[in-house]
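> I am attaching a structure below and will ask some questions about it afterwards.
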Amino acid sequence: MSLRPRSIRARDTLVAAVIAAVVFGITAVGVDFAVRSAVKADVLRQTQVEGRRVSGGVRDGTLKGPISDDTRGRVLIQVVAPGGRVTNATPAIAGRPPVSRLWPSSNLRVRDYTECHGGWPGRECLVLEAIRATTAPDSVVVYAASPLPSYLVNGLLEALLAGGVLLLAGAAAWVTWRVVGRTLGPVEAIRAQLAEISATDLSRRVPEPPGHDEIAQLARTANATLDRLESAVGRQRQFASDASHELRTPIAGLRANLEDASMHPDDNDLRAVVESALHDTDRLESIVTDLLLLARIGTGGTAAQEPIDLSALADAEVGRRIFTLKIVTEFTGDVVVRGVRMQLVRLLGNLLDNAERYADSSITVEVARLDGRALLTVTDDGPGIATADRERIFERFTRLDTARSRGTGGTGLGLAIAREIAQAHGGTLHVEERPAGARFILRLPLAATSPDRRPDRA
């Protein structure tokens, strides 16, 4: 079993606690060393002052009688003769044996050191200075000793520092726990909201915290993803609804003809039945093809884009078709866009089909540049489109009047497909208001390599 915490909050807290313990532990060791050094230096300084005062009096013979104690017992002084006999001492240590057995040599008359005696809990440590009065073999030795503070001897300083380290590490862990918890709170809210969103209800969104940090960006990205997912699911539902609605009529007609021919074979013209069945089959094939194209466009069918000269494409498409009406073309050269060639051909073909279906006598096709964008227009001189219907015509299976009935041969998807292709290429397609006829305007971004020139006409 892994001992690593599963929660990011717990992991960050543990890491912060360990780092704090290490940092504060190193700091505590430094503080312990500094305190011990400073205290020992201060104690040794006092000890040296008193020891050298007494040793000077011994050398020049001015020390008479018991040694005076100006430190009130803080510094203990003994004068010890060879053999370990104490000849003089301060009142606080009078009558006691020598405080140390170390005997300085004649060539190293002064020794500073620390000695500890006894065990826990009565352990005592002394800072000593041993001064040999002269180099004579029978010289006395002056011992000056000062006890170290108990907190340096019994481990109290280390215990206090260790407690401080644990307290500070605990405080760091608590602060990290609270800060990370507050930071990850929106993430938990996002997770909980995402867990409640199902395929049957994609309208819900995760809460977006204020600001522009990573969590706020995560929430916005999640909501943008949900928007795209809801749109994709909506497209799929629309696809299913459109397919079931539009396929029902030709399927019903095909079934009725075949059942009638099956039940009354002698009363039906077989050729007429077959022609009717083929007509319904063609209708079914057209609807299915258009619906599948719409589905592909809506799910990113513009991946294989290439630079395309829009004027050349329009010229080729117009030249390929046979029109029964007058065709007027006006193309500006070098209008280059990026796109999927077959989809742009389909877009222009649908616009031409629509114009040819409703024009009275002429169709005009133009390609130009305007305001840094490619402009393609298809204009007919037919009955035109009412203002209220100029957006409806781009909806799937929309037919505004009898002129747009199924008898015209269309599937009702041509303009919907054209707008989907335009939007997939980063452009727009709409109908412009005119006194007579209809004018469809396609605007597409110019390719980056195409020089930006304003057209001679709007």
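Chain labels follow the order of the structure tokens: the first chain is A, the next B, and so on; residue numbering restarts at 1 in every chain, and ligands are counted from 1 in their shown order.
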Give me, as a short mmCIF file (atom, residue, chain, number, x, y, z; two decimals) with C-alpha atoms, in the first residue's frame, the residues of region 119-263 of chain A that a backbone DSSP run labels helix (DSSP H, G or I).

```
data_model
loop_
_atom_site.label_atom_id
_atom_site.label_comp_id
_atom_site.auth_asym_id
_atom_site.auth_seq_id
_atom_site.Cartn_x
_atom_site.Cartn_y
_atom_site.Cartn_z
CA SER A 150 21.59 24.88 33.82
CA TYR A 151 19.71 25.27 30.55
CA LEU A 152 22.99 24.60 28.71
CA VAL A 153 23.68 21.49 30.76
CA LEU A 156 16.49 22.53 28.36
CA LEU A 157 17.71 24.81 25.56
CA GLU A 158 17.53 21.99 23.02
CA ALA A 159 14.10 20.96 24.28
CA LEU A 160 12.81 24.52 23.93
CA LEU A 161 14.28 24.83 20.44
CA ALA A 162 12.84 21.44 19.41
CA GLY A 163 9.45 22.47 20.75
CA GLY A 164 9.72 25.73 18.80
CA VAL A 165 10.59 23.80 15.64
CA LEU A 166 7.60 21.50 16.07
CA LEU A 167 5.32 24.45 16.81
CA LEU A 168 6.49 26.41 13.79
CA ALA A 169 6.31 23.34 11.53
CA GLY A 170 2.80 22.69 12.80
CA ALA A 171 1.87 26.32 12.15
CA ALA A 172 3.28 26.06 8.63
CA ALA A 173 1.30 22.86 8.05
CA TRP A 174 -1.89 24.47 9.36
CA VAL A 175 -1.43 27.58 7.20
CA THR A 176 -0.70 25.41 4.16
CA TRP A 177 -3.77 23.26 4.86
CA ARG A 178 -5.99 26.32 5.07
CA VAL A 179 -4.45 28.14 2.08
CA VAL A 180 -4.46 25.07 -0.18
CA GLY A 181 -7.97 24.21 0.95
CA ARG A 182 -9.15 27.72 0.11
CA THR A 183 -7.28 27.58 -3.21
CA LEU A 184 -8.68 24.17 -4.16
CA GLY A 185 -12.20 25.00 -3.00
CA PRO A 186 -13.25 26.21 -6.47
CA VAL A 187 -11.70 23.08 -7.98
CA GLU A 188 -13.86 20.91 -5.75
CA ALA A 189 -16.91 22.96 -6.73
CA ILE A 190 -16.01 22.49 -10.41
CA ARG A 191 -15.54 18.74 -9.88
CA ALA A 192 -18.85 18.40 -8.05
CA GLN A 193 -20.69 20.34 -10.74
CA LEU A 194 -19.11 18.31 -13.54
CA ALA A 195 -20.08 15.10 -11.74
CA GLU A 196 -23.72 16.21 -11.75
CA GLU A 214 -5.09 29.04 -13.34
CA ILE A 215 -8.26 27.86 -11.57
CA ALA A 216 -10.35 30.66 -13.10
CA GLN A 217 -8.95 29.76 -16.52
CA LEU A 218 -9.73 26.09 -15.85
CA ALA A 219 -13.34 26.95 -15.04
CA ARG A 220 -13.68 29.09 -18.17
CA THR A 221 -12.11 26.36 -20.29
CA ALA A 222 -14.45 23.77 -18.77
CA ASN A 223 -17.47 25.95 -19.53
CA ALA A 224 -16.22 26.57 -23.07
CA THR A 225 -15.83 22.81 -23.49
CA LEU A 226 -19.35 22.28 -22.16
CA ASP A 227 -20.61 24.90 -24.63
CA ARG A 228 -18.99 23.02 -27.49
CA LEU A 229 -20.26 19.71 -26.15
CA GLU A 230 -23.80 21.05 -25.80
CA SER A 231 -23.59 22.46 -29.32
CA ALA A 232 -22.30 19.13 -30.69
CA VAL A 233 -25.01 17.17 -28.87
CA GLY A 234 -27.57 19.68 -30.11
CA ARG A 235 -26.33 19.15 -33.63
CA GLN A 236 -26.64 15.40 -33.26
CA ARG A 237 -30.15 15.72 -31.86
CA GLN A 238 -31.04 18.13 -34.66
CA PHE A 239 -29.57 15.68 -37.14
CA ALA A 240 -31.71 12.85 -35.75
CA SER A 241 -34.79 15.07 -35.66
CA ASP A 242 -34.25 16.36 -39.20
CA ALA A 243 -33.51 12.91 -40.54
CA SER A 244 -36.57 11.32 -38.95
CA HIS A 245 -38.79 14.18 -40.09
CA GLU A 246 -37.61 14.54 -43.66
CA LEU A 247 -37.01 10.88 -44.42
CA ARG A 248 -40.48 9.89 -43.29
CA THR A 249 -42.28 11.33 -46.38
CA PRO A 250 -40.18 9.72 -49.17
CA ILE A 251 -40.01 6.45 -47.25
CA ALA A 252 -43.79 6.46 -46.79
CA GLY A 253 -44.34 7.24 -50.47
CA LEU A 254 -41.91 4.52 -51.54
CA ARG A 255 -43.55 2.00 -49.25
CA ALA A 256 -47.06 2.94 -50.43
CA ASN A 257 -46.11 2.52 -54.10
CA LEU A 258 -44.40 -0.82 -53.48
CA GLU A 259 -47.26 -2.16 -51.34
CA ASP A 260 -49.82 -1.09 -53.92
CA ALA A 261 -47.82 -2.76 -56.66
CA SER A 262 -47.47 -5.90 -54.55
CA MET A 263 -51.19 -6.16 -53.68
#
```
> What's around Ser361 (chain A) at 9 Å? Count only C-alpha atoms, leave out sequence neighbours fewer than 4 positions away in its own chain, and write the answer as a list in words.
Thr324, Leu325, Lys326, Ile327, Asp380, Asp381 and Gly382 of chain A
> Could you give me, as JSON, numbers by chain, the residues within 12 Å of region 30-46 of chain A, counting only C-alpha atoms and dropping anything in the same chain fewer than 4 positions from it?
{"A": [23, 24, 25, 26, 50, 51, 52, 53, 70, 71, 73, 74, 75, 76, 77, 111, 112, 113, 114, 125, 126, 127, 128, 129, 130, 144, 145, 146, 147, 148, 149, 150, 151, 152, 153, 155, 156, 157, 158, 159, 160, 161, 162, 164, 165]}
> With C-alpha atoms retained, export the selected residues as an mmCIF file, in the first residue's frame.

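selection18.cif, written as the output of this step:
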```cif
data_model
loop_
_atom_site.group_PDB
_atom_site.id
_atom_site.type_symbol
_atom_site.label_atom_id
_atom_site.label_comp_id
_atom_site.auth_asym_id
_atom_site.auth_seq_id
_atom_site.Cartn_x
_atom_site.Cartn_y
_atom_site.Cartn_z
ATOM 1 C CA VAL A 23 14.445 24.761 7.701
ATOM 2 C CA PHE A 24 13.500 25.551 11.278
ATOM 3 C CA GLY A 25 15.561 22.590 12.497
ATOM 4 C CA ILE A 26 18.665 23.931 10.774
ATOM 5 C CA GLU A 50 38.843 37.025 38.206
ATOM 6 C CA GLY A 51 41.441 34.269 37.700
ATOM 7 C CA ARG A 52 44.073 36.646 36.347
ATOM 8 C CA ARG A 53 43.409 39.156 39.131
ATOM 9 C CA ASP A 70 33.396 40.406 44.048
ATOM 10 C CA THR A 71 31.104 38.156 41.958
ATOM 11 C CA GLY A 73 29.740 33.328 44.189
ATOM 12 C CA ARG A 74 29.442 33.369 40.416
ATOM 13 C CA VAL A 75 33.192 32.754 39.978
ATOM 14 C CA LEU A 76 34.857 30.179 42.227
ATOM 15 C CA ILE A 77 38.615 30.601 42.784
ATOM 16 C CA ARG A 111 44.643 26.684 30.112
ATOM 17 C CA ASP A 112 40.960 27.391 29.320
ATOM 18 C CA TYR A 113 38.573 24.428 29.233
ATOM 19 C CA THR A 114 35.245 23.008 30.329
ATOM 20 C CA CYS A 125 29.567 21.782 33.978
ATOM 21 C CA LEU A 126 32.243 24.351 34.828
ATOM 22 C CA VAL A 127 34.113 26.776 32.588
ATOM 23 C CA LEU A 128 37.643 26.851 33.988
ATOM 24 C CA GLU A 129 40.821 28.768 33.558
ATOM 25 C CA ALA A 130 43.947 27.205 35.150
ATOM 26 C CA ALA A 144 38.964 30.088 38.355
ATOM 27 C CA ALA A 145 35.697 28.244 37.665
ATOM 28 C CA SER A 146 32.227 29.427 36.696
ATOM 29 C CA PRO A 147 29.264 27.040 36.403
ATOM 30 C CA LEU A 148 27.433 27.015 33.077
ATOM 31 C CA PRO A 149 23.727 27.932 33.208
ATOM 32 C CA SER A 150 21.591 24.876 33.825
ATOM 33 C CA TYR A 151 19.712 25.267 30.549
ATOM 34 C CA LEU A 152 22.988 24.598 28.715
ATOM 35 C CA VAL A 153 23.679 21.490 30.765
ATOM 36 C CA GLY A 155 19.158 19.940 27.616
ATOM 37 C CA LEU A 156 16.486 22.527 28.356
ATOM 38 C CA LEU A 157 17.710 24.811 25.555
ATOM 39 C CA GLU A 158 17.534 21.988 23.024
ATOM 40 C CA ALA A 159 14.100 20.963 24.285
ATOM 41 C CA LEU A 160 12.809 24.521 23.933
ATOM 42 C CA LEU A 161 14.283 24.826 20.441
ATOM 43 C CA ALA A 162 12.838 21.436 19.413
ATOM 44 C CA GLY A 164 9.715 25.725 18.801
ATOM 45 C CA VAL A 165 10.591 23.798 15.638
#
```
> Rounded to one decimal in Å, what is the spacing between CA of Arg283 (chain A) and CA of Asn354 (chain A)?
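About the pair CA of Arg283 (chain A) and CA of Asn354 (chain A): they are 17.3 Å apart.
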> Can you tell me, as a list in words, what residues are no more than 9 Å from region 429-438 of chain A when counting only C-alpha atoms, ignoring any on the same chain fewer than 4 positions away?
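Final neighbour list, sorted by chain and number: Ala355, Tyr358, Ala359, Asp360, Val378, Thr379, Asp380, Asp381, Gly382, Pro383, Gly384, Ile385, Ala386, Thr387, Arg390, Glu391, Phe394, Ala418, Arg419, Glu420, Ala422, Gln423, Leu442 and Arg443 of chain A.
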> Output N, CA and C atoms for every residue in that selection, as a short mmCIF file (atom, residue, chain, number, x, y, z; two decimals), in the first residue's frame.

```cif
data_model
loop_
_atom_site.label_atom_id
_atom_site.label_comp_id
_atom_site.auth_asym_id
_atom_site.auth_seq_id
_atom_site.Cartn_x
_atom_site.Cartn_y
_atom_site.Cartn_z
N ALA A 355 -30.24 30.62 -56.71
CA ALA A 355 -30.50 31.77 -57.60
C ALA A 355 -31.17 31.32 -58.90
N TYR A 358 -34.99 30.70 -58.52
CA TYR A 358 -35.94 31.80 -58.30
C TYR A 358 -35.72 33.02 -59.19
N ALA A 359 -34.63 33.06 -60.00
CA ALA A 359 -34.37 34.23 -60.85
C ALA A 359 -35.39 34.29 -61.99
N ASP A 360 -35.70 35.51 -62.41
CA ASP A 360 -36.59 35.70 -63.55
C ASP A 360 -35.83 35.65 -64.87
N VAL A 378 -23.86 36.52 -54.92
CA VAL A 378 -24.70 35.88 -55.94
C VAL A 378 -26.05 36.59 -55.89
N THR A 379 -26.41 37.23 -56.98
CA THR A 379 -27.61 38.06 -57.02
C THR A 379 -28.56 37.54 -58.10
N ASP A 380 -29.85 37.46 -57.76
CA ASP A 380 -30.86 37.09 -58.77
C ASP A 380 -31.91 38.19 -58.83
N ASP A 381 -32.67 38.22 -59.93
CA ASP A 381 -33.71 39.24 -60.10
C ASP A 381 -35.10 38.66 -59.90
N GLY A 382 -35.17 37.69 -58.98
CA GLY A 382 -36.44 37.03 -58.70
C GLY A 382 -37.32 37.82 -57.76
N PRO A 383 -38.27 37.14 -57.09
CA PRO A 383 -39.24 37.84 -56.24
C PRO A 383 -38.63 38.38 -54.95
N GLY A 384 -37.42 37.99 -54.60
CA GLY A 384 -36.80 38.49 -53.37
C GLY A 384 -37.28 37.75 -52.14
N ILE A 385 -36.77 38.17 -50.98
CA ILE A 385 -37.06 37.52 -49.70
C ILE A 385 -37.48 38.58 -48.71
N ALA A 386 -38.59 38.35 -48.05
CA ALA A 386 -39.08 39.31 -47.06
C ALA A 386 -38.08 39.46 -45.91
N THR A 387 -38.05 40.65 -45.32
CA THR A 387 -37.10 40.93 -44.24
C THR A 387 -37.23 39.93 -43.10
N ARG A 390 -35.32 36.50 -43.79
CA ARG A 390 -33.94 36.46 -44.26
C ARG A 390 -33.02 35.61 -43.39
N GLU A 391 -33.42 35.33 -42.19
CA GLU A 391 -32.65 34.40 -41.35
C GLU A 391 -33.28 33.01 -41.36
N PHE A 394 -32.07 30.12 -43.71
CA PHE A 394 -30.84 29.36 -43.43
C PHE A 394 -31.08 28.23 -42.44
N ALA A 418 -24.75 25.89 -46.88
CA ALA A 418 -23.91 27.01 -47.29
C ALA A 418 -23.47 27.84 -46.09
N ARG A 419 -24.40 28.14 -45.19
CA ARG A 419 -24.02 28.94 -44.01
C ARG A 419 -23.08 28.16 -43.10
N GLU A 420 -23.33 26.86 -42.90
CA GLU A 420 -22.45 26.05 -42.06
C GLU A 420 -21.03 26.07 -42.61
N ALA A 422 -19.67 28.40 -44.51
CA ALA A 422 -19.13 29.75 -44.32
C ALA A 422 -18.63 29.93 -42.88
N GLN A 423 -19.42 29.52 -41.91
CA GLN A 423 -19.02 29.68 -40.52
C GLN A 423 -17.84 28.79 -40.16
N LEU A 442 -21.28 36.43 -49.23
CA LEU A 442 -20.35 35.59 -48.46
C LEU A 442 -19.09 36.41 -48.18
N ARG A 443 -18.73 36.50 -46.91
CA ARG A 443 -17.48 37.16 -46.51
C ARG A 443 -16.57 36.13 -45.84
#
```
> Any idea what's packed within 6 Å of Arg132 (chain A), counting only C-alpha atoms, ignoring anything in its chain fewer than 2 positions away? Could you give it as JSON, numbers by chain?
{"A": [109, 134, 141]}
> Quick check for you: according to DSSP on this backbone, which residues of region 160-317 of chain A are classed as strand (DSSP E or B)? Reply as JSON, numbers by chain.
{"A": [198, 201, 306, 307, 308, 309]}
> Please, what distance in Å, to one decimal, runs between CA of Ala133 (chain A) and CA of Gly95 (chain A)?
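Straight-line distance from CA of Ala133 (chain A) to CA of Gly95 (chain A) works out to 21.3 Å.
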> Mind checking which residues fall within 9 Å of Pro445 (chain A), counting only C-alpha atoms, ignoring those fewer than 3 positions away in the same chain, and posting them as a list of chain:residue names?
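Once the nearby chain positions are removed, what remains is A:Val336, A:Val337, A:Arg338, A:Gly372, A:Arg373, A:Ala374, A:His425, A:Gly426, A:Gly427, A:Ala448.
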> Selected residues, N, CA and C atoms, written as a JSON list (two decimals), in the first residue's frame, please.

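That gives us again.json:
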```
[["chain", "number", "residue", "atom", "x", "y", "z"],
["A", 336, "VAL", "N", -7.38, 35.50, -52.46],
["A", 336, "VAL", "CA", -6.98, 34.18, -51.96],
["A", 336, "VAL", "C", -7.49, 34.00, -50.53],
["A", 337, "VAL", "N", -8.15, 32.88, -50.30],
["A", 337, "VAL", "CA", -8.63, 32.51, -48.97],
["A", 337, "VAL", "C", -8.08, 31.13, -48.63],
["A", 338, "ARG", "N", -8.19, 30.74, -47.37],
["A", 338, "ARG", "CA", -7.82, 29.38, -46.96],
["A", 338, "ARG", "C", -9.10, 28.60, -46.68],
["A", 372, "GLY", "N", -10.52, 44.31, -46.15],
["A", 372, "GLY", "CA", -9.60, 43.25, -45.75],
["A", 372, "GLY", "C", -10.18, 41.87, -45.76],
["A", 373, "ARG", "N", -11.33, 41.66, -46.38],
["A", 373, "ARG", "CA", -11.95, 40.34, -46.45],
["A", 373, "ARG", "C", -12.35, 40.04, -47.89],
["A", 374, "ALA", "N", -12.44, 38.74, -48.17],
["A", 374, "ALA", "CA", -12.92, 38.31, -49.48],
["A", 374, "ALA", "C", -14.43, 38.42, -49.53],
["A", 425, "HIS", "N", -15.44, 28.17, -42.01],
["A", 425, "HIS", "CA", -14.25, 28.82, -42.58],
["A", 425, "HIS", "C", -14.01, 30.19, -41.97],
["A", 426, "GLY", "N", -14.68, 30.51, -40.87],
["A", 426, "GLY", "CA", -14.48, 31.79, -40.21],
["A", 426, "GLY", "C", -15.16, 32.96, -40.90],
["A", 427, "GLY", "N", -16.16, 32.67, -41.76],
["A", 427, "GLY", "CA", -16.83, 33.73, -42.50],
["A", 427, "GLY", "C", -18.29, 33.87, -42.14],
["A", 448, "ALA", "N", -3.28, 34.69, -45.27],
["A", 448, "ALA", "CA", -2.22, 35.56, -44.76],
["A", 448, "ALA", "C", -1.24, 35.96, -45.85]]
```
> Hey, can you check how far CA of Asn107 (chain A) sits from CA of Val79 (chain A)?
19.3 Å
> When you count only C-alpha atoms, which of these residues is closest to Ala447 (chain A): A:Asp309, A:Glu356, A:Glu330, A:Asp389?
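Closest to Ala447 (chain A) of all the choices is A:Asp309.
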> Excluding same-chain residues fewer than 4 positions from region 313-322 of chain A, what lies within 12 Å of it counting only C-alpha atoms, as a ChimeraX atom specification?
/A:307-309,326-337,339-353,356,363-368,375-378
> Store the residues picked out above, limited to C-alpha atoms, as a PDB file, in the first residue's frame.

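Saved to out-v3.pdb:
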```pdb
ATOM      1  CA  PRO A 307      -4.919  28.504 -50.210  1.00  0.00           C
ATOM      2  CA  ILE A 308      -7.698  28.970 -52.798  1.00  0.00           C
ATOM      3  CA  ASP A 309      -8.120  31.725 -55.360  1.00  0.00           C
ATOM      4  CA  LYS A 326     -28.296  35.245 -68.407  1.00  0.00           C
ATOM      5  CA  ILE A 327     -25.146  35.046 -66.272  1.00  0.00           C
ATOM      6  CA  VAL A 328     -23.120  38.166 -65.430  1.00  0.00           C
ATOM      7  CA  THR A 329     -19.722  37.732 -63.749  1.00  0.00           C
ATOM      8  CA  GLU A 330     -17.288  40.253 -62.324  1.00  0.00           C
ATOM      9  CA  PHE A 331     -14.169  38.842 -60.671  1.00  0.00           C
ATOM     10  CA  THR A 332     -11.298  40.694 -59.012  1.00  0.00           C
ATOM     11  CA  GLY A 333      -8.025  38.784 -59.420  1.00  0.00           C
ATOM     12  CA  ASP A 334      -5.922  37.346 -56.625  1.00  0.00           C
ATOM     13  CA  VAL A 335      -8.578  37.035 -53.912  1.00  0.00           C
ATOM     14  CA  VAL A 336      -6.982  34.184 -51.955  1.00  0.00           C
ATOM     15  CA  VAL A 337      -8.625  32.510 -48.966  1.00  0.00           C
ATOM     16  CA  GLY A 339     -10.388  26.612 -47.014  1.00  0.00           C
ATOM     17  CA  VAL A 340     -11.510  23.182 -48.120  1.00  0.00           C
ATOM     18  CA  ARG A 341     -11.957  23.411 -51.884  1.00  0.00           C
ATOM     19  CA  MET A 342     -14.806  20.894 -52.212  1.00  0.00           C
ATOM     20  CA  GLN A 343     -16.790  22.595 -49.441  1.00  0.00           C
ATOM     21  CA  LEU A 344     -16.410  26.052 -51.002  1.00  0.00           C
ATOM     22  CA  VAL A 345     -17.447  24.590 -54.359  1.00  0.00           C
ATOM     23  CA  ARG A 346     -20.519  23.115 -52.647  1.00  0.00           C
ATOM     24  CA  LEU A 347     -21.301  26.479 -51.015  1.00  0.00           C
ATOM     25  CA  LEU A 348     -21.143  28.352 -54.330  1.00  0.00           C
ATOM     26  CA  GLY A 349     -23.080  25.577 -56.078  1.00  0.00           C
ATOM     27  CA  ASN A 350     -25.894  25.809 -53.522  1.00  0.00           C
ATOM     28  CA  LEU A 351     -26.079  29.586 -53.956  1.00  0.00           C
ATOM     29  CA  LEU A 352     -26.192  29.206 -57.734  1.00  0.00           C
ATOM     30  CA  ASP A 353     -28.877  26.499 -57.473  1.00  0.00           C
ATOM     31  CA  GLU A 356     -31.311  29.726 -60.727  1.00  0.00           C
ATOM     32  CA  ILE A 363     -27.945  35.969 -62.228  1.00  0.00           C
ATOM     33  CA  THR A 364     -24.891  38.035 -61.229  1.00  0.00           C
ATOM     34  CA  VAL A 365     -21.809  36.495 -59.583  1.00  0.00           C
ATOM     35  CA  GLU A 366     -19.088  38.789 -58.208  1.00  0.00           C
ATOM     36  CA  VAL A 367     -15.808  38.283 -56.329  1.00  0.00           C
ATOM     37  CA  ALA A 368     -13.947  41.231 -54.804  1.00  0.00           C
ATOM     38  CA  LEU A 375     -16.389  39.103 -50.799  1.00  0.00           C
ATOM     39  CA  LEU A 376     -18.482  36.761 -52.990  1.00  0.00           C
ATOM     40  CA  THR A 377     -22.007  37.753 -54.003  1.00  0.00           C
ATOM     41  CA  VAL A 378     -24.699  35.882 -55.936  1.00  0.00           C
TER      42      VAL A 378
END
```
